[in-house]
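See below for the structure under consideration.
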Amino acid sequence: MTGFDVVGAAYAAHSDSARGRLRHDLVERRLLAELPARPATVLDVGCGNGEMTLRLAAAGHQVTGVDPSARMLAAAAGRLAARPEVADRVRLLDAGLDSLPFDGERFDAVCCHGVLMYLDESGEAVARLAGLVAPGGLLSVLAKNRRSIGVREALAGDYTTARRLIGSGADRSTGNLGRETRGDTAEALDRLAADHGLTPLPWQGVRIFHDHLDGTWAPEPAAYAAALEVEWTASWRSPYRDMSRLVHTLARRTQGPSAA
């Protein structure tokens, strides 16, 4: 994650684009369907500019957003200041995956979205995240889909790069933010969660049909709503979800026995 400050502005622009909103809307919809109706405690690891932190807080949950980037945290704080109605439901902390300051604290949900792709491997991170999930709680991981590496390039017409990536079975490629990122499979992430006492839930593919579009894609509201619905419908189903740019895996820790 070192140096992520450099791409902070690009990430903010991506989040505001129709393509970026597809990602956030799909992930938010699934999270809200899995979270309890009561206010839950949520940890958002790698919260960036606070997009999902603020969305979940607006839904009534108590959210702790952490990020190791001072610039990204400042952006999140600025957005929070413009939303005083959720200020008492959000705390922002300077911390990375390797320095989470939560000894003994557990959360109803732990989210880690768009972070694992910047790490050399996912095992240690998932172990650390799983350890913060309370009984009955949820682990939500959004990662780059290893199976679809090369698909974006092919659909965008960069056939030389696509052929190289697909032919070599590459596990990483350069993303739109200009950094090389690594892919995971949903099955591997599910196995890691299970290894740490969580039960995997059905995974979803995020951004199947619209990933190769750039910032010039600016559909009218009705067209965007239609795009969102077709993405949601396909996100549960193979072979469509297998070609998504991102995989959203969720796993739940079994609720402990009730006290006598």
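Residues are named by chain letter and number: chains run A, B, ... in the order of the structure tokens, numbers start at 1 in each chain, and ligands are numbered from 1 in the order shown.
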Which residues of stretch 218-249 of chain A come within 12 Å of stretch 135-159 of chain A, and for each one, what is the closest pair of atoms and their distance in Å to one decimal, counting only C-alpha atoms, sorted by chain and residue number, as a Markdown table?
| residue | atom | partner | partner_atom | distance |
| --- | --- | --- | --- | --- |
| A:Pro239 | CA | A:Arg147 | CA | 11.2 |
| A:Tyr240 | CA | A:Ser148 | CA | 10.7 |
| A:Arg241 | CA | A:Asn145 | CA | 9.6 |
| A:Asp242 | CA | A:Arg147 | CA | 6.7 |
| A:Met243 | CA | A:Ser148 | CA | 5.0 |
| A:Ser244 | CA | A:Ser148 | CA | 6.4 |
| A:Arg245 | CA | A:Asn145 | CA | 5.5 |
| A:Leu246 | CA | A:Lys144 | CA | 4.5 |
| A:Val247 | CA | A:Ala143 | CA | 5.4 |
| A:His248 | CA | A:Leu142 | CA | 4.5 |
| A:Thr249 | CA | A:Val141 | CA | 5.3 |
ask   = What lies within 8 Å of A:Thr53 using only C-alpha atoms, ignoring chain neighbours under 4 positions off, as a PyMOL selection string?
value = chain A and resi 44+47+57+63-65+90
key: In stretch 136-177 of chain A, DSSP strand (DSSP E or B) residues written as a ChimeraX atom specification   = /A:136-145,172-174
Go ahead and write the residues just picked, N, CA and C atoms, as an mmCIF file, in the first residue's frame.
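Output file again.cif follows:
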data_model
loop_
_atom_site.group_PDB
_atom_site.id
_atom_site.type_symbol
_atom_site.label_atom_id
_atom_site.label_comp_id
_atom_site.auth_asym_id
_atom_site.auth_seq_id
_atom_site.Cartn_x
_atom_site.Cartn_y
_atom_site.Cartn_z
ATOM 1 N N GLY A 136 -21.446 -14.400 15.156
ATOM 2 C CA GLY A 136 -22.581 -13.975 14.348
ATOM 3 C C GLY A 136 -22.254 -12.901 13.346
ATOM 4 N N GLY A 137 -21.001 -12.425 13.377
ATOM 5 C CA GLY A 137 -20.600 -11.308 12.530
ATOM 6 C C GLY A 137 -20.188 -11.724 11.138
ATOM 7 N N LEU A 138 -19.888 -10.722 10.327
ATOM 8 C CA LEU A 138 -19.678 -10.887 8.893
ATOM 9 C C LEU A 138 -18.302 -10.374 8.486
ATOM 10 N N LEU A 139 -17.646 -11.107 7.592
ATOM 11 C CA LEU A 139 -16.426 -10.633 6.935
ATOM 12 C C LEU A 139 -16.748 -10.389 5.465
ATOM 13 N N SER A 140 -16.474 -9.175 4.995
ATOM 14 C CA SER A 140 -16.749 -8.785 3.610
ATOM 15 C C SER A 140 -15.439 -8.397 2.942
ATOM 16 N N VAL A 141 -15.083 -9.126 1.873
ATOM 17 C CA VAL A 141 -13.834 -8.876 1.158
ATOM 18 C C VAL A 141 -14.144 -8.618 -0.314
ATOM 19 N N LEU A 142 -13.652 -7.516 -0.821
ATOM 20 C CA LEU A 142 -13.760 -7.213 -2.245
ATOM 21 C C LEU A 142 -12.360 -7.241 -2.828
ATOM 22 N N ALA A 143 -12.133 -8.130 -3.796
ATOM 23 C CA ALA A 143 -10.798 -8.342 -4.339
ATOM 24 C C ALA A 143 -10.851 -8.396 -5.860
ATOM 25 N N LYS A 144 -9.708 -8.212 -6.465
ATOM 26 C CA LYS A 144 -9.591 -8.341 -7.920
ATOM 27 C C LYS A 144 -9.765 -9.800 -8.302
ATOM 28 N N ASN A 145 -10.500 -10.051 -9.362
ATOM 29 C CA ASN A 145 -10.794 -11.410 -9.812
ATOM 30 C C ASN A 145 -9.658 -11.935 -10.690
ATOM 31 N N ARG A 172 -1.660 -10.961 -12.109
ATOM 32 C CA ARG A 172 -1.695 -9.527 -11.832
ATOM 33 C C ARG A 172 -1.651 -8.741 -13.138
ATOM 34 N N SER A 173 -2.130 -7.514 -13.050
ATOM 35 C CA SER A 173 -2.126 -6.633 -14.214
ATOM 36 C C SER A 173 -2.193 -5.199 -13.710
ATOM 37 N N THR A 174 -1.988 -4.243 -14.606
ATOM 38 C CA THR A 174 -2.027 -2.830 -14.244
ATOM 39 C C THR A 174 -3.456 -2.328 -14.324
#
key: Neighbour list for A:Ala95 as number ranges by chain, cut-off 7 Å, only C-alpha atoms, skip fewer than 4 positions in-chain   = A: 66-68, 99-100
Name all residues at most 10 Å from stretch 229-236 of chain A (count only C-alpha atoms; drop same-chain ones fewer than 2 positions away) and give them as a short mmCIF file (atom, residue, chain, number, x, y, z; two decimals) with N, CA and C atoms, in the first residue's frame.
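Here's the written file selection12.cif:
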data_model
loop_
_atom_site.label_atom_id
_atom_site.label_comp_id
_atom_site.auth_asym_id
_atom_site.auth_seq_id
_atom_site.Cartn_x
_atom_site.Cartn_y
_atom_site.Cartn_z
N LEU A 22 -21.20 1.94 -9.80
CA LEU A 22 -21.67 0.56 -9.94
C LEU A 22 -21.04 -0.33 -8.88
N ARG A 23 -19.75 -0.22 -8.72
CA ARG A 23 -19.06 -1.01 -7.70
C ARG A 23 -19.65 -0.75 -6.32
N ASP A 25 -22.47 0.71 -5.38
CA ASP A 25 -23.89 0.39 -5.23
C ASP A 25 -24.12 -1.11 -5.08
N LEU A 26 -23.40 -1.91 -5.86
CA LEU A 26 -23.55 -3.36 -5.77
C LEU A 26 -23.08 -3.89 -4.42
N VAL A 27 -21.93 -3.41 -3.98
CA VAL A 27 -21.40 -3.88 -2.69
C VAL A 27 -22.28 -3.42 -1.54
N ARG A 29 -25.48 -2.76 -1.57
CA ARG A 29 -26.75 -3.49 -1.57
C ARG A 29 -26.58 -4.85 -0.89
N ARG A 30 -25.49 -5.54 -1.22
CA ARG A 30 -25.28 -6.85 -0.61
C ARG A 30 -25.00 -6.73 0.89
N PRO A 202 -22.73 -17.15 -0.33
CA PRO A 202 -22.59 -17.05 -1.79
C PRO A 202 -21.83 -15.78 -2.19
N TRP A 203 -20.86 -15.95 -3.07
CA TRP A 203 -20.07 -14.79 -3.51
C TRP A 203 -20.68 -14.19 -4.76
N GLN A 204 -20.30 -12.94 -5.02
CA GLN A 204 -20.82 -12.22 -6.18
C GLN A 204 -19.69 -11.64 -7.01
N GLY A 205 -19.97 -11.53 -8.29
CA GLY A 205 -19.07 -10.82 -9.19
C GLY A 205 -19.52 -9.37 -9.29
N VAL A 206 -18.56 -8.47 -9.28
CA VAL A 206 -18.86 -7.04 -9.31
C VAL A 206 -18.28 -6.42 -10.57
N ARG A 207 -19.11 -5.81 -11.35
CA ARG A 207 -18.79 -5.15 -12.62
C ARG A 207 -18.39 -6.18 -13.66
N ILE A 208 -19.40 -6.75 -14.27
CA ILE A 208 -19.22 -7.78 -15.29
C ILE A 208 -19.24 -7.17 -16.69
N PHE A 209 -20.26 -6.39 -16.96
CA PHE A 209 -20.51 -5.91 -18.32
C PHE A 209 -20.01 -4.48 -18.58
N HIS A 210 -19.62 -3.77 -17.53
CA HIS A 210 -19.30 -2.35 -17.69
C HIS A 210 -17.89 -2.00 -17.24
N ALA A 223 -30.99 4.77 -17.52
CA ALA A 223 -30.06 3.82 -18.12
C ALA A 223 -29.10 3.28 -17.06
N TYR A 224 -28.68 4.14 -16.13
CA TYR A 224 -27.82 3.66 -15.06
C TYR A 224 -28.55 2.65 -14.19
N ALA A 225 -29.79 2.93 -13.85
CA ALA A 225 -30.58 2.01 -13.02
C ALA A 225 -30.72 0.66 -13.72
N ALA A 226 -30.92 0.67 -15.03
CA ALA A 226 -31.03 -0.59 -15.77
C ALA A 226 -29.71 -1.35 -15.77
N ALA A 227 -28.61 -0.61 -15.93
CA ALA A 227 -27.29 -1.25 -15.90
C ALA A 227 -27.03 -1.87 -14.54
N SER A 238 -22.96 -17.96 -12.38
CA SER A 238 -21.89 -18.34 -13.31
C SER A 238 -22.56 -18.73 -14.62
N PRO A 239 -21.91 -18.50 -15.77
CA PRO A 239 -20.52 -18.07 -15.93
C PRO A 239 -20.31 -16.56 -15.89
N TYR A 240 -21.40 -15.78 -15.75
CA TYR A 240 -21.27 -14.31 -15.81
C TYR A 240 -20.34 -13.80 -14.71
N ARG A 241 -20.60 -14.21 -13.46
CA ARG A 241 -19.82 -13.68 -12.35
C ARG A 241 -18.34 -14.06 -12.44
N ASP A 242 -18.04 -15.15 -13.14
CA ASP A 242 -16.65 -15.59 -13.25
C ASP A 242 -15.81 -14.62 -14.06
N MET A 243 -16.46 -13.78 -14.87
CA MET A 243 -15.74 -12.82 -15.69
C MET A 243 -15.79 -11.40 -15.13
N SER A 244 -16.26 -11.25 -13.91
CA SER A 244 -16.33 -9.93 -13.29
C SER A 244 -14.93 -9.40 -12.98
N VAL A 247 -14.35 -9.70 -7.23
CA VAL A 247 -15.17 -10.70 -6.54
C VAL A 247 -15.47 -10.18 -5.14
N HIS A 248 -16.72 -10.33 -4.73
CA HIS A 248 -17.15 -9.92 -3.40
C HIS A 248 -17.50 -11.18 -2.62
#
Residue nearest A:His14 among A:Leu228, A:Glu220, A:Pro101, A:Glu51 (counting only C-alpha atoms) = A:Glu51
ask   = In Å to one decimal, how far is atom CA of A:Arg252 from atom CA of A:Leu31?
value = 12.1 Å
